[in-house]
Each structure stands twice: as C-alpha cells, then as structure tokens.
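Visitor: One file is attached below, target.cif, containing mmCIF, N, CA and C atoms.
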```
data_data
loop_
_atom_site.label_atom_id
_atom_site.label_comp_id
_atom_site.auth_asym_id
_atom_site.auth_seq_id
_atom_site.Cartn_x
_atom_site.Cartn_y
_atom_site.Cartn_z
N MET A 1 -76.49 -161.72 34.29
CA MET A 1 -76.74 -162.20 35.63
C MET A 1 -76.72 -161.00 36.57
N PRO A 2 -77.82 -160.72 37.26
CA PRO A 2 -77.87 -159.58 38.18
C PRO A 2 -77.19 -159.91 39.50
N PHE A 3 -76.86 -158.86 40.25
CA PHE A 3 -76.36 -159.05 41.61
C PHE A 3 -77.56 -159.29 42.52
N LEU A 4 -77.42 -160.23 43.45
CA LEU A 4 -78.50 -160.56 44.37
C LEU A 4 -78.25 -159.92 45.73
N ALA A 5 -79.30 -159.62 46.46
CA ALA A 5 -79.17 -159.05 47.80
C ALA A 5 -78.37 -160.01 48.67
N GLY A 6 -77.37 -159.49 49.35
CA GLY A 6 -76.54 -160.29 50.24
C GLY A 6 -75.44 -161.07 49.54
N GLN A 7 -75.38 -161.01 48.23
CA GLN A 7 -74.37 -161.74 47.46
C GLN A 7 -72.99 -161.12 47.71
N LYS A 8 -71.99 -161.99 47.86
CA LYS A 8 -70.62 -161.51 47.95
C LYS A 8 -70.11 -161.26 46.54
N LEU A 9 -69.61 -160.07 46.31
CA LEU A 9 -69.14 -159.69 44.99
C LEU A 9 -67.63 -159.87 44.90
N THR A 10 -67.18 -160.24 43.74
CA THR A 10 -65.74 -160.37 43.51
C THR A 10 -65.23 -159.09 42.84
N ALA A 11 -63.94 -158.90 42.93
CA ALA A 11 -63.32 -157.74 42.27
C ALA A 11 -63.55 -157.82 40.76
N GLY A 12 -63.51 -159.02 40.20
CA GLY A 12 -63.74 -159.19 38.76
C GLY A 12 -65.13 -158.77 38.35
N GLN A 13 -66.14 -159.09 39.17
CA GLN A 13 -67.51 -158.69 38.85
C GLN A 13 -67.64 -157.16 38.86
N LEU A 14 -67.07 -156.54 39.87
CA LEU A 14 -67.14 -155.08 39.95
C LEU A 14 -66.34 -154.42 38.82
N ASP A 15 -65.23 -155.02 38.47
CA ASP A 15 -64.40 -154.46 37.40
C ASP A 15 -65.14 -154.48 36.07
N ARG A 16 -65.90 -155.54 35.81
CA ARG A 16 -66.61 -155.66 34.53
C ARG A 16 -67.69 -154.61 34.35
N ILE A 17 -68.31 -154.12 35.44
CA ILE A 17 -69.38 -153.14 35.27
C ILE A 17 -68.85 -151.71 35.17
N GLN A 18 -67.56 -151.52 35.30
CA GLN A 18 -66.98 -150.19 35.12
C GLN A 18 -66.94 -149.86 33.63
N PRO A 19 -67.49 -148.73 33.22
CA PRO A 19 -67.38 -148.36 31.81
C PRO A 19 -65.91 -148.16 31.42
N ARG A 20 -65.56 -148.61 30.24
CA ARG A 20 -64.20 -148.43 29.71
C ARG A 20 -64.31 -147.54 28.47
N ILE A 21 -63.39 -146.61 28.35
CA ILE A 21 -63.41 -145.67 27.23
C ILE A 21 -62.16 -145.87 26.39
N TYR A 22 -62.37 -145.96 25.06
CA TYR A 22 -61.28 -146.15 24.10
C TYR A 22 -61.41 -145.07 23.03
N GLU A 23 -60.27 -144.57 22.57
CA GLU A 23 -60.28 -143.51 21.56
C GLU A 23 -59.28 -143.82 20.46
N GLY A 24 -59.70 -143.55 19.24
CA GLY A 24 -58.82 -143.71 18.09
C GLY A 24 -58.95 -142.51 17.18
N ALA A 25 -57.86 -141.80 16.94
CA ALA A 25 -57.87 -140.61 16.08
C ALA A 25 -57.20 -140.93 14.76
N ALA A 26 -57.75 -140.39 13.69
CA ALA A 26 -57.18 -140.61 12.35
C ALA A 26 -55.74 -140.11 12.31
N THR A 27 -54.89 -140.87 11.65
CA THR A 27 -53.48 -140.49 11.53
C THR A 27 -53.11 -140.05 10.13
N SER A 28 -54.03 -140.21 9.17
CA SER A 28 -53.82 -139.70 7.82
C SER A 28 -55.19 -139.45 7.20
N ALA A 29 -55.20 -138.59 6.18
CA ALA A 29 -56.46 -138.27 5.51
C ALA A 29 -56.90 -139.44 4.62
N LEU A 30 -58.21 -139.55 4.43
CA LEU A 30 -58.76 -140.53 3.51
C LEU A 30 -59.44 -139.77 2.37
N ALA A 31 -58.91 -139.90 1.16
CA ALA A 31 -59.54 -139.30 -0.02
C ALA A 31 -60.69 -140.19 -0.44
N VAL A 32 -61.86 -139.57 -0.67
CA VAL A 32 -63.04 -140.32 -1.10
C VAL A 32 -63.57 -139.74 -2.40
N SER A 33 -63.81 -140.63 -3.37
CA SER A 33 -64.41 -140.22 -4.63
C SER A 33 -65.17 -141.37 -5.28
N THR A 34 -65.23 -142.51 -4.59
CA THR A 34 -65.93 -143.68 -5.11
C THR A 34 -66.87 -144.24 -4.05
N THR A 35 -67.69 -145.21 -4.45
CA THR A 35 -68.62 -145.84 -3.52
C THR A 35 -67.98 -146.95 -2.70
N THR A 36 -66.69 -147.20 -2.93
CA THR A 36 -65.98 -148.24 -2.18
C THR A 36 -65.52 -147.69 -0.84
N TYR A 37 -66.01 -148.29 0.23
CA TYR A 37 -65.61 -147.86 1.57
C TYR A 37 -64.15 -148.23 1.82
N ALA A 38 -63.45 -147.34 2.53
CA ALA A 38 -62.07 -147.59 2.93
C ALA A 38 -61.89 -147.16 4.38
N ASP A 39 -60.95 -147.81 5.06
CA ASP A 39 -60.67 -147.48 6.45
C ASP A 39 -60.09 -146.09 6.57
N ILE A 40 -60.50 -145.38 7.60
CA ILE A 40 -59.86 -144.12 7.97
C ILE A 40 -58.75 -144.51 8.94
N VAL A 41 -57.52 -144.51 8.46
CA VAL A 41 -56.37 -145.03 9.21
C VAL A 41 -56.25 -144.32 10.56
N GLY A 42 -56.15 -145.10 11.61
CA GLY A 42 -56.00 -144.59 12.97
C GLY A 42 -57.32 -144.44 13.71
N ALA A 43 -58.42 -144.30 13.00
CA ALA A 43 -59.74 -144.15 13.64
C ALA A 43 -60.30 -145.54 13.95
N THR A 44 -59.56 -146.26 14.78
CA THR A 44 -59.85 -147.65 15.12
C THR A 44 -59.58 -147.86 16.60
N VAL A 45 -60.41 -148.65 17.26
CA VAL A 45 -60.14 -149.07 18.63
C VAL A 45 -60.26 -150.59 18.70
N THR A 46 -59.37 -151.20 19.45
CA THR A 46 -59.39 -152.64 19.69
C THR A 46 -59.33 -152.85 21.19
N PHE A 47 -60.18 -153.72 21.69
CA PHE A 47 -60.24 -153.96 23.13
C PHE A 47 -60.72 -155.39 23.36
N THR A 48 -60.61 -155.85 24.59
CA THR A 48 -61.03 -157.20 24.95
C THR A 48 -62.10 -157.13 26.03
N THR A 49 -63.18 -157.90 25.83
CA THR A 49 -64.22 -158.03 26.85
C THR A 49 -64.07 -159.40 27.50
N THR A 50 -64.50 -159.49 28.75
CA THR A 50 -64.38 -160.76 29.47
C THR A 50 -65.71 -161.49 29.58
N ALA A 51 -66.79 -160.81 29.23
CA ALA A 51 -68.11 -161.44 29.32
C ALA A 51 -68.87 -161.23 28.02
N ALA A 52 -69.76 -162.14 27.72
CA ALA A 52 -70.62 -162.00 26.55
C ALA A 52 -71.63 -160.88 26.79
N ASN A 53 -72.15 -160.33 25.70
CA ASN A 53 -73.21 -159.31 25.72
C ASN A 53 -72.79 -157.97 26.31
N ALA A 54 -71.52 -157.61 26.14
CA ALA A 54 -71.07 -156.28 26.53
C ALA A 54 -71.75 -155.25 25.65
N LYS A 55 -72.09 -154.12 26.23
CA LYS A 55 -72.74 -153.03 25.50
C LYS A 55 -71.69 -152.00 25.08
N PHE A 56 -71.87 -151.41 23.89
CA PHE A 56 -70.97 -150.33 23.48
C PHE A 56 -71.76 -149.15 22.97
N LYS A 57 -71.16 -147.99 23.12
CA LYS A 57 -71.66 -146.75 22.52
C LYS A 57 -70.47 -146.14 21.81
N ALA A 58 -70.61 -145.93 20.50
CA ALA A 58 -69.54 -145.34 19.70
C ALA A 58 -69.95 -143.95 19.25
N ASP A 59 -69.12 -142.97 19.54
CA ASP A 59 -69.31 -141.60 19.09
C ASP A 59 -68.21 -141.30 18.09
N ALA A 60 -68.59 -140.75 16.94
CA ALA A 60 -67.60 -140.45 15.91
C ALA A 60 -67.76 -139.03 15.42
N VAL A 61 -66.63 -138.42 15.11
CA VAL A 61 -66.60 -137.11 14.47
C VAL A 61 -65.78 -137.27 13.21
N PHE A 62 -66.33 -136.84 12.09
CA PHE A 62 -65.66 -136.90 10.80
C PHE A 62 -65.34 -135.48 10.36
N ASP A 63 -64.08 -135.20 10.08
CA ASP A 63 -63.64 -133.90 9.57
C ASP A 63 -63.71 -133.97 8.05
N ALA A 64 -64.81 -133.48 7.47
CA ALA A 64 -65.09 -133.61 6.04
C ALA A 64 -64.68 -132.36 5.28
N SER A 65 -63.93 -132.55 4.23
CA SER A 65 -63.50 -131.45 3.38
C SER A 65 -63.85 -131.78 1.93
N VAL A 66 -64.70 -130.95 1.32
CA VAL A 66 -65.12 -131.17 -0.07
C VAL A 66 -64.07 -130.56 -0.99
N GLY A 67 -63.54 -131.39 -1.91
CA GLY A 67 -62.55 -130.92 -2.88
C GLY A 67 -63.18 -130.44 -4.16
N THR A 68 -64.05 -131.26 -4.75
CA THR A 68 -64.81 -130.87 -5.94
C THR A 68 -66.28 -131.13 -5.64
N THR A 69 -67.13 -130.24 -6.09
CA THR A 69 -68.53 -130.28 -5.70
C THR A 69 -69.38 -131.17 -6.59
N SER A 70 -70.52 -131.53 -6.05
CA SER A 70 -71.54 -132.30 -6.76
C SER A 70 -72.89 -131.92 -6.17
N ALA A 71 -73.87 -131.73 -7.02
CA ALA A 71 -75.21 -131.39 -6.54
C ALA A 71 -75.92 -132.57 -5.89
N THR A 72 -75.46 -133.79 -6.18
CA THR A 72 -76.17 -134.97 -5.69
C THR A 72 -75.33 -135.91 -4.84
N ASN A 73 -74.01 -135.81 -4.89
CA ASN A 73 -73.14 -136.75 -4.19
C ASN A 73 -73.04 -136.39 -2.71
N LEU A 74 -72.85 -137.40 -1.88
CA LEU A 74 -72.68 -137.23 -0.45
C LEU A 74 -71.40 -137.93 0.00
N MET A 75 -70.69 -137.32 0.95
CA MET A 75 -69.62 -138.03 1.66
C MET A 75 -70.29 -138.76 2.82
N VAL A 76 -69.95 -140.03 3.02
CA VAL A 76 -70.57 -140.80 4.09
C VAL A 76 -69.50 -141.50 4.91
N GLY A 77 -69.75 -141.57 6.21
CA GLY A 77 -68.89 -142.29 7.13
C GLY A 77 -69.70 -143.34 7.86
N ARG A 78 -69.07 -144.47 8.13
CA ARG A 78 -69.79 -145.53 8.83
C ARG A 78 -68.90 -146.18 9.87
N LEU A 79 -69.55 -146.96 10.75
CA LEU A 79 -68.87 -147.74 11.78
C LEU A 79 -68.84 -149.20 11.34
N VAL A 80 -67.70 -149.85 11.54
CA VAL A 80 -67.56 -151.28 11.27
C VAL A 80 -67.22 -151.96 12.60
N VAL A 81 -68.01 -152.96 12.96
CA VAL A 81 -67.83 -153.69 14.23
C VAL A 81 -67.40 -155.11 13.91
N ASP A 82 -66.18 -155.44 14.31
CA ASP A 82 -65.64 -156.79 14.08
C ASP A 82 -65.80 -157.22 12.62
N GLY A 83 -65.53 -156.31 11.70
CA GLY A 83 -65.56 -156.61 10.27
C GLY A 83 -66.91 -156.48 9.59
N THR A 84 -67.96 -156.15 10.35
CA THR A 84 -69.30 -156.02 9.78
C THR A 84 -69.79 -154.58 9.91
N PRO A 85 -70.21 -153.97 8.80
CA PRO A 85 -70.74 -152.60 8.88
C PRO A 85 -71.95 -152.54 9.81
N ASP A 86 -71.98 -151.55 10.69
CA ASP A 86 -73.11 -151.36 11.60
C ASP A 86 -74.30 -150.81 10.82
N SER A 87 -75.48 -151.29 11.11
CA SER A 87 -76.67 -150.86 10.39
C SER A 87 -77.35 -149.66 11.04
N GLY A 88 -76.72 -149.08 12.05
CA GLY A 88 -77.34 -148.01 12.81
C GLY A 88 -77.32 -146.63 12.19
N GLY A 89 -76.82 -146.47 10.98
CA GLY A 89 -76.86 -145.16 10.34
C GLY A 89 -75.50 -144.72 9.85
N LEU A 90 -75.51 -143.67 9.05
CA LEU A 90 -74.30 -143.11 8.47
C LEU A 90 -74.13 -141.67 8.90
N ALA A 91 -72.89 -141.21 8.94
CA ALA A 91 -72.60 -139.78 9.04
C ALA A 91 -72.61 -139.27 7.61
N VAL A 92 -73.39 -138.24 7.32
CA VAL A 92 -73.61 -137.80 5.95
C VAL A 92 -73.27 -136.32 5.80
N TYR A 93 -72.56 -136.00 4.69
CA TYR A 93 -72.21 -134.62 4.40
C TYR A 93 -72.42 -134.34 2.92
N ALA A 94 -73.26 -133.35 2.59
CA ALA A 94 -73.54 -132.98 1.20
C ALA A 94 -72.31 -132.31 0.58
N MET A 95 -72.05 -132.64 -0.67
CA MET A 95 -70.86 -132.13 -1.36
C MET A 95 -71.22 -131.02 -2.35
N ASP A 96 -72.29 -130.26 -2.06
CA ASP A 96 -72.76 -129.25 -2.99
C ASP A 96 -72.00 -127.93 -2.93
N VAL A 97 -71.17 -127.74 -1.93
CA VAL A 97 -70.35 -126.54 -1.79
C VAL A 97 -68.94 -126.96 -1.41
N GLN A 98 -67.95 -126.29 -1.96
CA GLN A 98 -66.56 -126.61 -1.62
C GLN A 98 -66.26 -125.96 -0.27
N ASP A 99 -66.35 -126.78 0.79
CA ASP A 99 -66.12 -126.27 2.14
C ASP A 99 -65.67 -127.40 3.05
N ARG A 100 -65.68 -127.13 4.33
CA ARG A 100 -65.21 -128.11 5.32
C ARG A 100 -66.10 -128.04 6.55
N ALA A 101 -66.38 -129.19 7.16
CA ALA A 101 -67.20 -129.23 8.36
C ALA A 101 -66.90 -130.49 9.15
N THR A 102 -67.20 -130.45 10.43
CA THR A 102 -67.14 -131.66 11.24
C THR A 102 -68.56 -132.17 11.39
N ILE A 103 -68.74 -133.46 11.11
CA ILE A 103 -70.05 -134.10 11.21
C ILE A 103 -69.95 -135.23 12.22
N ALA A 104 -71.03 -135.52 12.89
CA ALA A 104 -71.01 -136.50 13.97
C ALA A 104 -72.06 -137.58 13.75
N GLN A 105 -71.82 -138.72 14.38
CA GLN A 105 -72.78 -139.83 14.37
C GLN A 105 -72.53 -140.65 15.63
N GLU A 106 -73.58 -141.31 16.11
CA GLU A 106 -73.48 -142.19 17.27
C GLU A 106 -74.10 -143.54 16.94
N TRP A 107 -73.53 -144.57 17.53
CA TRP A 107 -74.06 -145.93 17.37
C TRP A 107 -74.05 -146.62 18.74
N THR A 108 -74.95 -147.56 18.92
CA THR A 108 -74.95 -148.40 20.11
C THR A 108 -75.11 -149.85 19.66
N GLY A 109 -74.66 -150.76 20.49
CA GLY A 109 -74.82 -152.16 20.14
C GLY A 109 -74.39 -153.08 21.25
N THR A 110 -74.50 -154.37 20.98
CA THR A 110 -74.12 -155.42 21.91
C THR A 110 -73.10 -156.32 21.25
N LEU A 111 -72.06 -156.65 21.99
CA LEU A 111 -71.02 -157.57 21.50
C LEU A 111 -71.34 -158.95 22.07
N ALA A 112 -71.89 -159.81 21.24
CA ALA A 112 -72.46 -161.08 21.69
C ALA A 112 -71.46 -162.00 22.38
N ALA A 113 -70.22 -162.01 21.93
CA ALA A 113 -69.23 -162.93 22.49
C ALA A 113 -68.15 -162.17 23.26
N ALA A 114 -67.61 -162.81 24.27
CA ALA A 114 -66.44 -162.26 24.96
C ALA A 114 -65.23 -162.41 24.06
N GLY A 115 -64.24 -161.55 24.26
CA GLY A 115 -63.01 -161.66 23.48
C GLY A 115 -62.58 -160.32 22.92
N THR A 116 -61.71 -160.37 21.91
CA THR A 116 -61.17 -159.17 21.30
C THR A 116 -62.13 -158.63 20.25
N HIS A 117 -62.34 -157.32 20.27
CA HIS A 117 -63.25 -156.65 19.34
C HIS A 117 -62.55 -155.45 18.73
N THR A 118 -62.90 -155.15 17.48
CA THR A 118 -62.36 -153.99 16.78
C THR A 118 -63.50 -153.18 16.20
N LEU A 119 -63.53 -151.89 16.52
CA LEU A 119 -64.49 -150.96 15.94
C LEU A 119 -63.69 -149.91 15.19
N LYS A 120 -64.11 -149.62 13.95
CA LYS A 120 -63.35 -148.66 13.15
C LYS A 120 -64.28 -147.84 12.27
N LEU A 121 -63.75 -146.70 11.82
CA LEU A 121 -64.49 -145.82 10.92
C LEU A 121 -64.03 -146.02 9.49
N GLN A 122 -64.98 -145.93 8.57
CA GLN A 122 -64.69 -145.99 7.15
C GLN A 122 -65.42 -144.84 6.45
N GLY A 123 -64.92 -144.49 5.27
CA GLY A 123 -65.55 -143.42 4.50
C GLY A 123 -65.66 -143.77 3.03
N ALA A 124 -66.61 -143.11 2.34
CA ALA A 124 -66.83 -143.31 0.90
C ALA A 124 -67.70 -142.16 0.40
N CYS A 125 -68.09 -142.23 -0.87
CA CYS A 125 -69.06 -141.32 -1.47
C CYS A 125 -70.26 -142.13 -1.93
N THR A 126 -71.37 -141.47 -2.13
CA THR A 126 -72.57 -142.19 -2.57
C THR A 126 -72.60 -142.41 -4.07
N ALA A 127 -71.73 -141.72 -4.84
CA ALA A 127 -71.66 -141.92 -6.28
C ALA A 127 -70.23 -141.74 -6.75
N SER A 128 -69.79 -142.58 -7.65
CA SER A 128 -68.43 -142.49 -8.18
C SER A 128 -68.37 -141.45 -9.30
N GLY A 129 -67.23 -140.75 -9.37
CA GLY A 129 -67.00 -139.81 -10.46
C GLY A 129 -67.82 -138.55 -10.37
N SER A 130 -68.40 -138.28 -9.22
CA SER A 130 -69.24 -137.09 -9.06
C SER A 130 -68.87 -136.41 -7.76
N GLY A 131 -67.83 -135.61 -7.78
CA GLY A 131 -67.36 -134.93 -6.58
C GLY A 131 -66.34 -135.76 -5.84
N SER A 132 -65.47 -135.08 -5.12
CA SER A 132 -64.48 -135.78 -4.30
C SER A 132 -64.22 -134.97 -3.05
N GLY A 133 -63.71 -135.65 -2.04
CA GLY A 133 -63.42 -134.97 -0.79
C GLY A 133 -62.46 -135.78 0.04
N ASN A 134 -62.23 -135.31 1.25
CA ASN A 134 -61.32 -135.97 2.19
C ASN A 134 -61.93 -135.99 3.58
N PHE A 135 -61.71 -137.09 4.27
CA PHE A 135 -61.91 -137.12 5.71
C PHE A 135 -60.53 -136.88 6.29
N LEU A 136 -60.35 -135.73 6.93
CA LEU A 136 -59.02 -135.30 7.36
C LEU A 136 -58.65 -135.86 8.73
N GLN A 137 -57.34 -135.97 8.95
CA GLN A 137 -56.87 -136.50 10.22
C GLN A 137 -56.93 -135.45 11.33
N SER A 138 -57.12 -134.20 10.97
CA SER A 138 -57.10 -133.14 11.98
C SER A 138 -58.09 -133.40 13.11
N ASP A 139 -59.32 -133.76 12.76
CA ASP A 139 -60.35 -133.89 13.79
C ASP A 139 -61.23 -135.13 13.64
N THR A 140 -60.85 -136.10 12.83
CA THR A 140 -61.64 -137.32 12.69
C THR A 140 -61.24 -138.29 13.79
N LYS A 141 -62.24 -138.73 14.57
CA LYS A 141 -61.92 -139.67 15.66
C LYS A 141 -63.13 -140.47 16.06
N ILE A 142 -62.85 -141.54 16.78
CA ILE A 142 -63.89 -142.40 17.33
C ILE A 142 -63.62 -142.55 18.83
N ILE A 143 -64.68 -142.47 19.61
CA ILE A 143 -64.61 -142.71 21.05
C ILE A 143 -65.64 -143.78 21.38
N VAL A 144 -65.21 -144.86 21.98
CA VAL A 144 -66.09 -145.99 22.28
C VAL A 144 -66.12 -146.20 23.79
N THR A 145 -67.34 -146.29 24.35
CA THR A 145 -67.53 -146.62 25.75
C THR A 145 -68.12 -148.02 25.81
N VAL A 146 -67.46 -148.90 26.58
CA VAL A 146 -67.89 -150.29 26.70
C VAL A 146 -68.26 -150.58 28.15
N THR A 147 -69.42 -151.19 28.34
CA THR A 147 -69.87 -151.61 29.66
C THR A 147 -70.22 -153.10 29.57
N GLU A 148 -69.62 -153.87 30.44
CA GLU A 148 -69.91 -155.32 30.47
C GLU A 148 -70.96 -155.59 31.54
N VAL A 149 -71.75 -156.60 31.31
CA VAL A 149 -72.73 -157.01 32.31
C VAL A 149 -72.04 -157.94 33.31
N PRO A 150 -72.50 -157.95 34.55
CA PRO A 150 -71.83 -158.81 35.55
C PRO A 150 -72.00 -160.29 35.30
#
```
If you convert what's in this file into structure tokens, what do you get?

Guide:
Amino acid sequence: MPFLAGQKLTAGQLDRIQPRIYEGAATSALAVSTTTYADIVGATVTFTTTAANAKFKADAVFDASVGTTSATNLMVGRLVVDGTPDSGGLAVYAMDVQDRATIAQEWTGTLAAAGTHTLKLQGACTASGSGSGNFLQSDTKIIVTVTEVP
C-alpha cells in the first residue's frame, strides 16, 4: 500500500519502512566432507516483521579452509530462509589447493507472511569422500537487511 498525497502517516507506518540490519557470526567451525548440508552454528539471524511481503537482502562471507584437496570437489555455502534453501545461488570454493580464502554471496527475496523469520547459513561439499575442509568461525558471517512495505 503506497502513501498517498496528504495522507496522515502513523509512527508505525514510518517505522516499517526503516531498513533493519541483523548480523550473525559463526561461533564454531563447520567441518565439511559430505554432500549433507549442515548449519554453520551462529551464522543465523532471527527477526520479526509486522507486514507481509517484507524484502530482504542477505550478504554472506564464508571463511573457507581446505584441509585435503580434490581436483573436482567444491566447498559450497547456501542460505536457508525459514527452513527452505534459497534458490538464488551458492557460495562456491574449489578444493584443488590446500589453502584458505573468504568467499562471498548475496541473496534477495520477499518474506510473504508477517511474523518471525530465520535466515541461516549452511555448508557442504559437492562430493563425499573427495576432499575435506572447514568453514571457520573467524570470518564467516551473515548480514541481513530487511525493509517492510508500508
């Protein structure tokens, strides 16, 4: 619902259009060596929206450390929104050299219903038994900006 010319605005309406920023930093490392996704502990944000169709932008940084190499395996990180993996892409890191790097990914979306929402990061590998690594707590984090419509 847009604001109309001459409309009296309420404090609640103005409050909803203020962007809100939430941050969650990993509190422990996640070892990855299988295709099963697991939560990166601490890289989670939970917040409440008051209106339907709130927009979000999630920025993530994954601190990837390759333990054993693989010519074909990849470390991957993803965003999960309210229990459903986001289809907007993966953070990907090749495991062909034993090294460490920070990799980034961004997602955007709409939260259809008002209420409590949880966005979190998960990690895995693209093949089991072929290389292993860690998403470290040193620099793995998620930052989410939420804007509600009036």

Visitor: Identify which of the residues A:Leu74, A:Gln137, A:Arg20, A:Ala114 lies closest to A:Thr49, counting all atoms listed in the file when measuring atom-to-atom distances.

Guide: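 Residue with the minimum atom-to-atom distance to A:Thr49: A:Ala114.
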
Visitor: Quick one: apply the PyMOL selection byres ((chain A and resi 80) around 8) to the file and drop the selected residues here as a ChimeraX atom specification.

Guide: /A:77-79,81-87,118-122

Visitor: What lies within 6 Å of A:Ala52 using all atoms listed in the file, ignoring chain neighbours under 2 positions off, as a list in words?

Guide: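 These residues fall inside the cut-off: Thr50, Ala54, Leu111, Ala112, Ala113 and Ala114 of chain A.
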
Visitor: Near A:Val144, counting all atoms listed in the file, which residues have an atom at most 7 Å away, once you skip same-chain residues fewer than 4 positions from it, shown as JSON, numbers by chain?

Guide: {"A": [20, 21, 22, 23, 24, 56, 57, 58, 59]}

Visitor: Can you list every residue in stretch 8-143 of chain A that DSSP puts in strand (DSSP E or B), as a VMD selection string?

Guide: chain A and resid 20 to 25 30 to 32 38 to 49 54 to 68 74 to 81 84 to 85 91 to 94 100 to 111 115 to 125 132 to 135 141 to 143

Visitor: Go through A:Gln13, A:Ser132, A:Thr72, A:Ser65 and flag the residue nearest A:Ala101, using all atoms listed in the file for the distances.

Guide: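 The closest residue to A:Ala101 is A:Ser65.
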
Visitor: Given the file shown, enumerate the residues that the PyMOL selection byres (((chain A and resi 25 and name CA) around 8) and name CA) captures and present them as a list in words.

Guide: Glu23, Gly24, Ala26, Thr27, Gly42, Ala43, Thr44, Gln137, Asp139, Thr140, Lys141 and Ile142 of chain A

Visitor: If the PyMOL selection byres ((chain A and resi 35) around 7) were run on this exact file, what residues would it hold? Put them as a list in words.

Guide: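 Going through the file, the PyMOL selection byres ((chain A and resi 35) around 7) ends up selecting Ser33, Thr34, Thr36, Tyr37, Ala38, Gly123, Ala124, Cys125, Thr126, Ala127, Ser128 and Gly129 of chain A.
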
Visitor: Draw an axis-aligned box tight on the listed atoms of stretch 19-24 of chain A, then pad every side by 5 Å and write out centre and edge lengths in Å to one decimal as JSON.

Guide:
```
{"center_x": -63.2, "center_y": -145.6, "center_z": 25.2, "size_x": 18.7, "size_y": 16.2, "size_z": 26.0}
```

Visitor: When you count all atoms listed in the file, which of these residues is closest to A:Ala31: A:Asp15, A:Leu136, A:Gly89, A:Thr145?

Guide: A:Leu136

Visitor: For the atom pair atom CA of A:Ser28 and atom CA of A:Thr110, what is the interatomic distance in Å to one decimal place?

Guide: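 That distance, rounded to one decimal, is 29.3 Å.
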
Visitor: Could you pull out the helix (DSSP H, G or I) residues of stretch 5-107 of chain A, going by DSSP on the backbone, and write them as a compact mmCIF listing (two decimals) with N, CA and C atoms, in the coordinates of the input?

Guide:
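Once written, states.txt looks like this:
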```
# COMPACT_ATOMS: atom_id res chain seq x y z
N ALA A 11 -63.94 -158.90 42.93
CA ALA A 11 -63.32 -157.74 42.27
C ALA A 11 -63.55 -157.82 40.76
N GLY A 12 -63.51 -159.02 40.20
CA GLY A 12 -63.74 -159.19 38.76
C GLY A 12 -65.13 -158.77 38.35
N GLN A 13 -66.14 -159.09 39.17
CA GLN A 13 -67.51 -158.69 38.85
C GLN A 13 -67.64 -157.16 38.86
N LEU A 14 -67.07 -156.54 39.87
CA LEU A 14 -67.14 -155.08 39.95
C LEU A 14 -66.34 -154.42 38.82
N ASP A 15 -65.23 -155.02 38.47
CA ASP A 15 -64.40 -154.46 37.40
C ASP A 15 -65.14 -154.48 36.07
N ARG A 16 -65.90 -155.54 35.81
CA ARG A 16 -66.61 -155.66 34.53
C ARG A 16 -67.69 -154.61 34.35
```

Visitor: Atom N of A:Gly133 to atom C of A:Gln105: how many Å, to one decimal?

Guide: 20.4 Å

Visitor: Rank nothing, just name the residue among A:Ser130, A:Asp63, A:His117, A:Thr69 nearest to A:Arg100, using only C-alpha atoms.

Guide: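 Nearest candidate to A:Arg100 out of A:Ser130, A:Asp63, A:His117, A:Thr69: A:Asp63.
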
Visitor: To one decimal in Å, tell me the separation between atom CA of A:Gly88 and atom C of A:Lys55.

Guide: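 That distance, rounded to one decimal, is 14.1 Å.
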
Visitor: Considering only C-alpha atoms, can you say which of A:Ala51, A:Val149, A:Val61, A:Val76 comes closest to A:Val32?

Guide: A:Val76

Visitor: Counting all atoms listed in the file, which residues sit no farther than 5 Å from the position (-67.6, -152.7, 31.4) in the file's frame? I'd like them as a PyMOL selection string.

Guide: chain A and resi 16-20+146-148
